[in-house]
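Trainee: my_file19.txt is reproduced below (compact mmCIF, N, CA and C atoms).
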# COMPACT_ATOMS: atom_id res chain seq x y z
N GLY A 1 -12.63 53.54 69.84
CA GLY A 1 -13.34 53.54 68.59
C GLY A 1 -12.42 53.16 67.46
N SER A 2 -13.00 53.16 66.25
CA SER A 2 -12.24 52.76 65.06
C SER A 2 -11.25 53.83 64.61
N ASP A 3 -11.45 55.08 65.04
CA ASP A 3 -10.53 56.14 64.64
C ASP A 3 -9.43 56.40 65.68
N ALA A 4 -9.32 55.48 66.63
CA ALA A 4 -8.30 55.63 67.67
C ALA A 4 -6.91 55.47 67.07
N GLY A 5 -5.98 56.20 67.59
CA GLY A 5 -4.60 56.12 67.10
C GLY A 5 -3.83 55.02 67.79
N VAL A 6 -2.75 54.63 67.16
CA VAL A 6 -1.83 53.64 67.72
C VAL A 6 -0.55 54.36 68.08
N ARG A 7 -0.12 54.24 69.29
CA ARG A 7 1.12 54.90 69.72
C ARG A 7 2.31 54.04 69.32
N ILE A 8 3.31 54.71 68.81
CA ILE A 8 4.53 54.05 68.35
C ILE A 8 5.67 54.45 69.28
N SER A 9 6.46 53.46 69.71
CA SER A 9 7.63 53.79 70.54
C SER A 9 8.72 52.76 70.29
N THR A 10 9.91 53.15 70.67
CA THR A 10 11.07 52.28 70.52
C THR A 10 11.88 52.35 71.79
N LEU A 11 12.41 51.23 72.21
CA LEU A 11 13.30 51.19 73.38
C LEU A 11 14.66 50.70 72.90
N SER A 12 15.67 51.50 73.14
CA SER A 12 17.04 51.12 72.79
C SER A 12 17.87 51.04 74.06
N LEU A 13 18.48 49.90 74.29
CA LEU A 13 19.38 49.72 75.42
C LEU A 13 20.76 49.46 74.84
N VAL A 14 21.71 50.30 75.17
CA VAL A 14 23.04 50.20 74.57
C VAL A 14 24.07 50.19 75.68
N ASP A 15 24.94 49.20 75.66
CA ASP A 15 26.06 49.13 76.59
C ASP A 15 27.30 49.52 75.81
N LEU A 16 27.81 50.69 76.08
CA LEU A 16 28.99 51.17 75.36
C LEU A 16 30.24 50.68 76.07
N ALA A 17 30.93 49.78 75.43
CA ALA A 17 32.15 49.23 76.01
C ALA A 17 33.17 50.34 76.21
N GLY A 18 33.99 50.19 77.22
CA GLY A 18 35.03 51.18 77.47
C GLY A 18 36.04 51.21 76.34
N SER A 19 36.57 52.37 76.07
CA SER A 19 37.57 52.49 75.00
C SER A 19 38.95 52.33 75.63
N GLU A 20 39.35 51.10 75.77
CA GLU A 20 40.65 50.81 76.38
C GLU A 20 41.73 50.86 75.31
N SER A 21 42.90 51.19 75.72
CA SER A 21 44.01 51.16 74.78
C SER A 21 44.37 49.71 74.52
N SER A 22 44.67 49.40 73.26
CA SER A 22 44.98 48.01 72.90
C SER A 22 46.26 47.54 73.60
N LYS A 23 47.18 48.47 73.82
CA LYS A 23 48.42 48.11 74.50
C LYS A 23 48.14 47.71 75.95
N ALA A 24 47.29 48.51 76.63
CA ALA A 24 46.97 48.22 78.03
C ALA A 24 46.17 46.93 78.17
N ALA A 25 45.29 46.66 77.18
CA ALA A 25 44.46 45.46 77.24
C ALA A 25 45.19 44.23 76.72
N GLY A 26 46.29 44.44 76.00
CA GLY A 26 47.06 43.33 75.46
C GLY A 26 46.37 42.59 74.33
N THR A 27 45.57 43.29 73.55
CA THR A 27 44.83 42.64 72.46
C THR A 27 45.68 42.52 71.20
N THR A 28 45.40 41.47 70.44
CA THR A 28 46.07 41.23 69.17
C THR A 28 45.07 40.63 68.19
N GLY A 29 45.43 40.58 66.94
CA GLY A 29 44.63 39.91 65.92
C GLY A 29 43.24 40.47 65.76
N GLN A 30 42.25 39.57 65.72
CA GLN A 30 40.86 39.94 65.48
C GLN A 30 40.32 40.85 66.59
N ARG A 31 40.69 40.58 67.83
CA ARG A 31 40.24 41.43 68.96
C ARG A 31 40.78 42.85 68.82
N LEU A 32 42.00 42.98 68.33
CA LEU A 32 42.59 44.29 68.11
C LEU A 32 41.79 45.05 67.07
N LYS A 33 41.42 44.35 66.00
CA LYS A 33 40.64 44.96 64.92
C LYS A 33 39.25 45.38 65.43
N GLU A 34 38.60 44.51 66.21
CA GLU A 34 37.29 44.83 66.78
C GLU A 34 37.39 46.03 67.72
N GLY A 35 38.43 46.06 68.54
CA GLY A 35 38.65 47.18 69.45
C GLY A 35 38.83 48.49 68.71
N HIS A 36 39.52 48.43 67.59
CA HIS A 36 39.72 49.63 66.77
C HIS A 36 38.37 50.16 66.26
N HIS A 37 37.50 49.24 65.77
CA HIS A 37 36.19 49.65 65.27
C HIS A 37 35.31 50.21 66.40
N ILE A 38 35.38 49.59 67.57
CA ILE A 38 34.61 50.08 68.73
C ILE A 38 35.08 51.49 69.09
N ASN A 39 36.39 51.69 69.14
CA ASN A 39 36.92 53.01 69.50
C ASN A 39 36.54 54.06 68.45
N GLN A 40 36.52 53.67 67.17
CA GLN A 40 36.10 54.61 66.12
C GLN A 40 34.63 55.00 66.32
N SER A 41 33.78 54.02 66.62
CA SER A 41 32.36 54.31 66.84
C SER A 41 32.15 55.19 68.06
N LEU A 42 32.90 54.92 69.12
CA LEU A 42 32.78 55.74 70.33
C LEU A 42 33.26 57.17 70.06
N GLY A 43 34.30 57.29 69.25
CA GLY A 43 34.78 58.63 68.86
C GLY A 43 33.72 59.39 68.08
N THR A 44 33.06 58.70 67.16
CA THR A 44 31.99 59.33 66.38
C THR A 44 30.83 59.71 67.28
N LEU A 45 30.47 58.84 68.21
CA LEU A 45 29.40 59.17 69.16
C LEU A 45 29.77 60.41 69.96
N GLY A 46 31.03 60.51 70.38
CA GLY A 46 31.49 61.69 71.10
C GLY A 46 31.34 62.95 70.26
N ARG A 47 31.67 62.87 68.96
CA ARG A 47 31.52 64.04 68.07
C ARG A 47 30.05 64.41 67.89
N VAL A 48 29.18 63.39 67.76
CA VAL A 48 27.74 63.66 67.62
C VAL A 48 27.22 64.35 68.87
N ILE A 49 27.55 63.83 70.03
CA ILE A 49 27.10 64.44 71.29
C ILE A 49 27.65 65.85 71.41
N PHE A 50 28.91 66.05 71.04
CA PHE A 50 29.51 67.39 71.09
C PHE A 50 28.72 68.36 70.21
N ARG A 51 28.43 67.95 68.97
CA ARG A 51 27.70 68.83 68.04
C ARG A 51 26.30 69.13 68.55
N LEU A 52 25.63 68.10 69.11
CA LEU A 52 24.27 68.32 69.62
C LEU A 52 24.28 69.24 70.84
N SER A 53 25.26 69.09 71.71
CA SER A 53 25.33 69.96 72.89
C SER A 53 25.72 71.37 72.47
N GLU A 54 26.56 71.47 71.46
CA GLU A 54 26.97 72.76 70.91
C GLU A 54 25.76 73.47 70.30
N ALA A 55 24.91 72.73 69.59
CA ALA A 55 23.71 73.30 68.97
C ALA A 55 22.78 73.84 70.04
N ASN A 56 22.67 73.16 71.16
CA ASN A 56 21.81 73.61 72.24
C ASN A 56 22.31 74.94 72.81
N GLU A 57 23.61 75.11 72.88
CA GLU A 57 24.18 76.33 73.43
C GLU A 57 24.02 77.52 72.49
N LYS A 58 23.81 77.25 71.20
CA LYS A 58 23.70 78.33 70.22
C LYS A 58 22.25 78.71 69.96
N LYS A 59 21.52 78.97 71.00
CA LYS A 59 20.17 79.51 70.95
C LYS A 59 19.28 78.88 69.89
N LYS A 60 18.60 77.85 70.29
CA LYS A 60 17.56 77.19 69.49
C LYS A 60 18.04 76.71 68.14
N GLY A 61 19.26 76.22 68.07
CA GLY A 61 19.73 75.55 66.86
C GLY A 61 20.20 76.44 65.73
N LEU A 62 20.32 77.72 65.94
CA LEU A 62 20.83 78.59 64.89
C LEU A 62 22.33 78.35 64.73
N ASP A 63 22.81 78.43 63.53
CA ASP A 63 24.23 78.24 63.24
C ASP A 63 24.73 76.85 63.65
N VAL A 64 23.91 75.83 63.39
CA VAL A 64 24.27 74.47 63.75
C VAL A 64 25.12 73.85 62.66
N ARG A 65 26.23 73.24 63.06
CA ARG A 65 27.08 72.54 62.11
C ARG A 65 26.53 71.14 61.87
N HIS A 66 27.03 70.50 60.84
CA HIS A 66 26.60 69.14 60.48
C HIS A 66 26.83 68.17 61.63
N VAL A 67 25.84 67.34 61.92
CA VAL A 67 25.96 66.30 62.94
C VAL A 67 26.27 64.99 62.22
N PRO A 68 27.43 64.38 62.48
CA PRO A 68 27.90 63.23 61.69
C PRO A 68 27.29 61.88 62.08
N TYR A 69 25.96 61.78 62.05
CA TYR A 69 25.29 60.52 62.39
C TYR A 69 25.74 59.38 61.48
N ARG A 70 26.00 59.65 60.21
CA ARG A 70 26.28 58.59 59.23
C ARG A 70 27.71 58.05 59.30
N ASP A 71 28.54 58.61 60.18
CA ASP A 71 29.94 58.21 60.22
C ASP A 71 30.19 56.88 60.92
N SER A 72 29.19 56.32 61.59
CA SER A 72 29.35 54.99 62.20
C SER A 72 28.00 54.31 62.30
N LYS A 73 28.04 52.99 62.37
CA LYS A 73 26.79 52.23 62.51
C LYS A 73 26.12 52.56 63.84
N LEU A 74 26.92 52.72 64.88
CA LEU A 74 26.39 53.02 66.21
C LEU A 74 25.56 54.31 66.20
N THR A 75 26.11 55.37 65.63
CA THR A 75 25.38 56.65 65.64
C THR A 75 24.19 56.61 64.69
N ARG A 76 24.29 55.82 63.62
CA ARG A 76 23.13 55.66 62.73
C ARG A 76 21.99 54.98 63.47
N ILE A 77 22.32 53.95 64.25
CA ILE A 77 21.30 53.24 65.03
C ILE A 77 20.70 54.15 66.10
N LEU A 78 21.53 54.97 66.72
CA LEU A 78 21.07 55.84 67.81
C LEU A 78 20.47 57.16 67.35
N GLN A 79 20.51 57.46 66.07
CA GLN A 79 20.04 58.76 65.57
C GLN A 79 18.62 59.10 66.02
N PRO A 80 17.65 58.17 65.93
CA PRO A 80 16.31 58.53 66.39
C PRO A 80 16.28 58.89 67.88
N SER A 81 17.11 58.26 68.67
CA SER A 81 17.15 58.56 70.11
C SER A 81 17.88 59.87 70.39
N LEU A 82 18.89 60.17 69.59
CA LEU A 82 19.68 61.38 69.83
C LEU A 82 19.12 62.60 69.13
N GLY A 83 18.23 62.37 68.16
CA GLY A 83 17.75 63.46 67.31
C GLY A 83 16.75 64.41 67.92
N GLY A 84 16.31 64.19 69.13
CA GLY A 84 15.45 65.17 69.78
C GLY A 84 14.11 64.63 70.26
N ASN A 85 13.49 63.69 69.55
CA ASN A 85 12.18 63.19 69.94
C ASN A 85 12.34 61.91 70.75
N ALA A 86 12.91 62.02 71.93
CA ALA A 86 13.15 60.84 72.75
C ALA A 86 13.38 61.24 74.21
N ARG A 87 13.20 60.28 75.06
CA ARG A 87 13.63 60.43 76.45
C ARG A 87 14.87 59.56 76.57
N VAL A 88 15.92 60.12 77.09
CA VAL A 88 17.20 59.41 77.15
C VAL A 88 17.72 59.40 78.58
N ALA A 89 18.17 58.24 79.01
CA ALA A 89 18.85 58.12 80.30
C ALA A 89 20.26 57.61 80.01
N LEU A 90 21.23 58.23 80.62
CA LEU A 90 22.62 57.85 80.41
C LEU A 90 23.24 57.54 81.77
N VAL A 91 23.84 56.38 81.87
CA VAL A 91 24.54 56.00 83.08
C VAL A 91 26.01 55.88 82.72
N SER A 92 26.84 56.64 83.39
CA SER A 92 28.28 56.60 83.14
C SER A 92 28.96 56.01 84.36
N THR A 93 29.84 55.05 84.13
CA THR A 93 30.58 54.47 85.23
C THR A 93 32.05 54.81 85.08
N VAL A 94 32.68 55.09 86.19
CA VAL A 94 34.09 55.48 86.19
C VAL A 94 34.84 54.69 87.25
N SER A 95 36.14 54.72 87.14
CA SER A 95 36.99 54.01 88.09
C SER A 95 37.79 55.01 88.92
N VAL A 96 38.00 54.68 90.16
CA VAL A 96 38.81 55.54 91.01
C VAL A 96 40.29 55.14 90.96
N ALA A 97 40.58 54.08 90.23
CA ALA A 97 41.97 53.59 90.14
C ALA A 97 42.85 54.62 89.44
N GLU A 98 44.03 54.80 89.96
CA GLU A 98 44.97 55.79 89.43
C GLU A 98 45.31 55.54 87.96
N GLY A 99 45.35 54.29 87.56
CA GLY A 99 45.67 53.94 86.18
C GLY A 99 44.57 54.25 85.18
N HIS A 100 43.40 54.66 85.67
CA HIS A 100 42.26 54.93 84.80
C HIS A 100 41.86 56.40 84.81
N VAL A 101 42.75 57.27 85.21
CA VAL A 101 42.43 58.70 85.33
C VAL A 101 41.99 59.29 83.99
N ASP A 102 42.70 58.98 82.92
CA ASP A 102 42.35 59.54 81.61
C ASP A 102 40.98 59.07 81.15
N GLU A 103 40.70 57.76 81.28
CA GLU A 103 39.40 57.24 80.88
C GLU A 103 38.28 57.86 81.71
N THR A 104 38.50 58.00 83.03
CA THR A 104 37.52 58.61 83.91
C THR A 104 37.26 60.06 83.50
N HIS A 105 38.31 60.79 83.23
CA HIS A 105 38.17 62.18 82.82
C HIS A 105 37.38 62.29 81.52
N ASN A 106 37.70 61.45 80.53
CA ASN A 106 36.99 61.47 79.25
C ASN A 106 35.53 61.08 79.41
N THR A 107 35.25 60.10 80.29
CA THR A 107 33.87 59.69 80.53
C THR A 107 33.07 60.82 81.15
N LEU A 108 33.67 61.52 82.09
CA LEU A 108 32.97 62.64 82.74
C LEU A 108 32.74 63.80 81.77
N LYS A 109 33.71 64.06 80.88
CA LYS A 109 33.51 65.09 79.85
C LYS A 109 32.36 64.70 78.92
N PHE A 110 32.34 63.43 78.49
CA PHE A 110 31.27 62.94 77.62
C PHE A 110 29.91 63.09 78.31
N ALA A 111 29.82 62.65 79.56
CA ALA A 111 28.56 62.72 80.31
C ALA A 111 28.11 64.18 80.47
N GLY A 112 29.04 65.08 80.71
CA GLY A 112 28.70 66.50 80.84
C GLY A 112 28.13 67.06 79.55
N ARG A 113 28.73 66.68 78.43
CA ARG A 113 28.21 67.13 77.13
C ARG A 113 26.85 66.52 76.85
N ALA A 114 26.71 65.23 77.13
CA ALA A 114 25.43 64.54 76.89
C ALA A 114 24.32 65.17 77.71
N LYS A 115 24.64 65.63 78.90
CA LYS A 115 23.66 66.27 79.77
C LYS A 115 23.13 67.57 79.14
N ASN A 116 23.95 68.21 78.32
CA ASN A 116 23.55 69.47 77.69
C ASN A 116 22.71 69.30 76.43
N VAL A 117 22.56 68.06 75.95
CA VAL A 117 21.73 67.81 74.78
C VAL A 117 20.27 67.87 75.22
N ARG A 118 19.49 68.71 74.57
CA ARG A 118 18.08 68.87 74.94
C ARG A 118 17.19 68.02 74.04
N GLN A 119 16.31 67.29 74.66
CA GLN A 119 15.35 66.45 73.94
C GLN A 119 13.96 67.02 74.16
N ARG A 120 13.10 66.89 73.15
CA ARG A 120 11.70 67.29 73.27
C ARG A 120 10.85 66.12 72.81
N ALA A 121 10.56 65.24 73.72
CA ALA A 121 9.80 64.03 73.39
C ALA A 121 8.32 64.38 73.21
N VAL A 122 7.76 63.94 72.09
CA VAL A 122 6.33 64.08 71.84
C VAL A 122 5.79 62.70 71.49
N VAL A 123 4.52 62.48 71.76
CA VAL A 123 3.89 61.19 71.48
C VAL A 123 3.73 61.04 69.97
N THR A 124 4.18 59.92 69.43
CA THR A 124 4.00 59.61 68.02
C THR A 124 2.79 58.70 67.91
N GLU A 125 1.79 59.17 67.19
CA GLU A 125 0.55 58.41 67.08
C GLU A 125 0.15 58.35 65.61
N VAL A 126 -0.22 57.17 65.16
CA VAL A 126 -0.70 56.99 63.79
C VAL A 126 -2.13 56.47 63.83
N LYS A 127 -2.90 56.83 62.82
CA LYS A 127 -4.28 56.38 62.75
C LYS A 127 -4.33 54.91 62.41
N ASP A 128 -5.17 54.18 63.10
CA ASP A 128 -5.40 52.77 62.82
C ASP A 128 -6.50 52.70 61.78
N GLU A 129 -6.13 52.33 60.55
CA GLU A 129 -7.08 52.35 59.44
C GLU A 129 -7.74 51.02 59.18
N ARG A 130 -7.85 50.19 60.17
CA ARG A 130 -8.50 48.87 59.97
C ARG A 130 -9.99 49.01 59.96
Could the structure of this file be written out as structure tokens, please?
Mentor:
Amino acid sequence: GSDAGVRISTLSLVDLAGSESSKAAGTTGQRLKEGHHINQSLGTLGRVIFRLSEANEKKKGLDVRHVPYRDSKLTRILQPSLGGNARVALVSTVSVAEGHVDETHNTLKFAGRAKNVRQRAVVTEVKDER
């Protein structure tokens, strides 16, 4: 009918590049600068996930500290997905190589925290006023 609602949804697919050390990757110049910005954004995402998982542990959001979504473009873009009204799937890949132990450990810590973030997805529907 004419009073039927329109469902609104968004799909975000994000490939988070690994945070490699610039020394190990041998980057210089513009690539070094880009790598620095990527690592800053990944660090901010880690802090956001930490705060959100921490909020979940503190009984229904009481005593929640500020979540720094605005500290990077990446977290600003992901805020609607991370903010609670979303279904989120996270795939973490790790390496078994001995030289990647620290990165693997950090990835597993991040994935563990992300798993503790609770989402409550609800259907967003707006009235079609045509």
Trainee: In Å, with one decimal, what is the gap from CA of Ala4 in chain A to CA of Thr124 in chain A?
Mentor: 12.9 Å
Trainee: Considering only C-alpha atoms, state which residue in the set A:Arg31, A:Arg87, A:Lys109, A:His100 is at the smallest distance from Leu11 in chain A.
Mentor: A:Arg87
Trainee: Using DSSP assignments from the backbone, pull out every residue in chain A that falls under alpha helix (DSSP H) and give it to me as a VMD selection string.
Mentor: chain A and resid 22 to 25 29 to 57 73 to 82 101 to 115
Trainee: Contacts of range 67-72 of chain A at 8 Å or less, counting only N, CA and C atoms, minus same-chain residues fewer than 4 places along, as number ranges by chain?
Mentor: A: 40-42, 44-45, 47-49, 51-52, 76-79
Trainee: Select, from A:Leu82, A:Lys33, A:Ser53, A:His66, the residue with the minimum atom-to-atom distance to Ala114 in chain A, counting only N, CA and C atoms.
Mentor: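 When distances to Ala114 in chain A are compared using only N, CA and C atoms, the smallest one comes from A:Ser53.
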Trainee: Have a look at atom C of Ser95 in chain A and atom C of Asp15 in chain A and let me know their distance in Å, one decimal.
Mentor: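 For atom C of Ser95 in chain A relative to atom C of Asp15 in chain A, the distance reads 17.7 Å.
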Trainee: So, counting all atoms listed in the file, which residue among A:Gly26, A:Gly5, A:Gly43, A:Gly84 is closest to Gln119 in chain A?
Mentor: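 Comparing A:Gly26, A:Gly5, A:Gly43, A:Gly84 against Gln119 in chain A, the winner is A:Gly84.
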Trainee: Go ahead and compute the interatomic distance for CA of His37 in chain A and atom C of Thr10 in chain A, in Å to one decimal.
Mentor: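 So the answer is 25.3 Å.
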Trainee: From the structure just shown, export range 97-113 of chain A with N, CA, C and O atoms as a PDB file, in the first residue's frame.
Mentor:
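selection34.pdb was written with the following content:
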ATOM      1  N   ALA A  97      54.312 -17.793  10.455  1.00  0.00           N
ATOM      2  CA  ALA A  97      55.751 -17.545  10.329  1.00  0.00           C
ATOM      3  C   ALA A  97      56.305 -16.948  11.619  1.00  0.00           C
ATOM      4  O   ALA A  97      55.686 -16.097  12.246  1.00  0.00           O
ATOM      5  N   GLU A  98      57.465 -17.413  12.004  1.00  0.00           N
ATOM      6  CA  GLU A  98      58.097 -16.974  13.244  1.00  0.00           C
ATOM      7  C   GLU A  98      58.337 -15.462  13.279  1.00  0.00           C
ATOM      8  O   GLU A  98      58.217 -14.823  14.318  1.00  0.00           O
ATOM      9  N   GLY A  99      58.613 -14.873  12.139  1.00  0.00           N
ATOM     10  CA  GLY A  99      58.861 -13.442  12.064  1.00  0.00           C
ATOM     11  C   GLY A  99      57.625 -12.579  12.232  1.00  0.00           C
ATOM     12  O   GLY A  99      57.715 -11.364  12.301  1.00  0.00           O
ATOM     13  N   HIS A 100      56.454 -13.203  12.288  1.00  0.00           N
ATOM     14  CA  HIS A 100      55.200 -12.464  12.390  1.00  0.00           C
ATOM     15  C   HIS A 100      54.479 -12.720  13.708  1.00  0.00           C
ATOM     16  O   HIS A 100      53.274 -12.464  13.804  1.00  0.00           O
ATOM     17  N   VAL A 101      55.185 -13.187  14.702  1.00  0.00           N
ATOM     18  CA  VAL A 101      54.565 -13.542  15.983  1.00  0.00           C
ATOM     19  C   VAL A 101      53.871 -12.338  16.622  1.00  0.00           C
ATOM     20  O   VAL A 101      52.734 -12.440  17.084  1.00  0.00           O
ATOM     21  N   ASP A 102      54.527 -11.187  16.636  1.00  0.00           N
ATOM     22  CA  ASP A 102      53.930 -10.007  17.268  1.00  0.00           C
ATOM     23  C   ASP A 102      52.657  -9.571  16.547  1.00  0.00           C
ATOM     24  O   ASP A 102      51.648  -9.263  17.191  1.00  0.00           O
ATOM     25  N   GLU A 103      52.694  -9.525  15.202  1.00  0.00           N
ATOM     26  CA  GLU A 103      51.509  -9.132  14.447  1.00  0.00           C
ATOM     27  C   GLU A 103      50.371 -10.125  14.666  1.00  0.00           C
ATOM     28  O   GLU A 103      49.213  -9.741  14.822  1.00  0.00           O
ATOM     29  N   THR A 104      50.689 -11.427  14.690  1.00  0.00           N
ATOM     30  CA  THR A 104      49.683 -12.454  14.923  1.00  0.00           C
ATOM     31  C   THR A 104      49.065 -12.293  16.305  1.00  0.00           C
ATOM     32  O   THR A 104      47.839 -12.335  16.456  1.00  0.00           O
ATOM     33  N   HIS A 105      49.895 -12.064  17.295  1.00  0.00           N
ATOM     34  CA  HIS A 105      49.406 -11.878  18.661  1.00  0.00           C
ATOM     35  C   HIS A 105      48.482 -10.664  18.742  1.00  0.00           C
ATOM     36  O   HIS A 105      47.386 -10.725  19.326  1.00  0.00           O
ATOM     37  N   ASN A 106      48.884  -9.541  18.143  1.00  0.00           N
ATOM     38  CA  ASN A 106      48.062  -8.329  18.163  1.00  0.00           C
ATOM     39  C   ASN A 106      46.747  -8.529  17.418  1.00  0.00           C
ATOM     40  O   ASN A 106      45.700  -8.036  17.854  1.00  0.00           O
ATOM     41  N   THR A 107      46.791  -9.262  16.297  1.00  0.00           N
ATOM     42  CA  THR A 107      45.569  -9.533  15.538  1.00  0.00           C
ATOM     43  C   THR A 107      44.603 -10.365  16.362  1.00  0.00           C
ATOM     44  O   THR A 107      43.396 -10.096  16.387  1.00  0.00           O
ATOM     45  N   LEU A 108      45.117 -11.362  17.050  1.00  0.00           N
ATOM     46  CA  LEU A 108      44.254 -12.215  17.878  1.00  0.00           C
ATOM     47  C   LEU A 108      43.674 -11.450  19.063  1.00  0.00           C
ATOM     48  O   LEU A 108      42.515 -11.656  19.448  1.00  0.00           O
ATOM     49  N   LYS A 109      44.461 -10.548  19.660  1.00  0.00           N
ATOM     50  CA  LYS A 109      43.934  -9.699  20.744  1.00  0.00           C
ATOM     51  C   LYS A 109      42.810  -8.803  20.219  1.00  0.00           C
ATOM     52  O   LYS A 109      41.766  -8.665  20.858  1.00  0.00           O
ATOM     53  N   PHE A 110      43.032  -8.186  19.050  1.00  0.00           N
ATOM     54  CA  PHE A 110      42.023  -7.329  18.437  1.00  0.00           C
ATOM     55  C   PHE A 110      40.740  -8.124  18.163  1.00  0.00           C
ATOM     56  O   PHE A 110      39.637  -7.679  18.491  1.00  0.00           O
ATOM     57  N   ALA A 111      40.878  -9.298  17.558  1.00  0.00           N
ATOM     58  CA  ALA A 111      39.716 -10.126  17.229  1.00  0.00           C
ATOM     59  C   ALA A 111      38.965 -10.540  18.500  1.00  0.00           C
ATOM     60  O   ALA A 111      37.730 -10.556  18.516  1.00  0.00           O
ATOM     61  N   GLY A 112      39.692 -10.851  19.557  1.00  0.00           N
ATOM     62  CA  GLY A 112      39.059 -11.214  20.825  1.00  0.00           C
ATOM     63  C   GLY A 112      38.247 -10.068  21.400  1.00  0.00           C
ATOM     64  O   GLY A 112      37.128 -10.258  21.891  1.00  0.00           O
ATOM     65  N   ARG A 113      38.802  -8.863  21.323  1.00  0.00           N
ATOM     66  CA  ARG A 113      38.063  -7.690  21.811  1.00  0.00           C
ATOM     67  C   ARG A 113      36.852  -7.405  20.936  1.00  0.00           C
ATOM     68  O   ARG A 113      35.768  -7.086  21.428  1.00  0.00           O
TER      69      ARG A 113
END
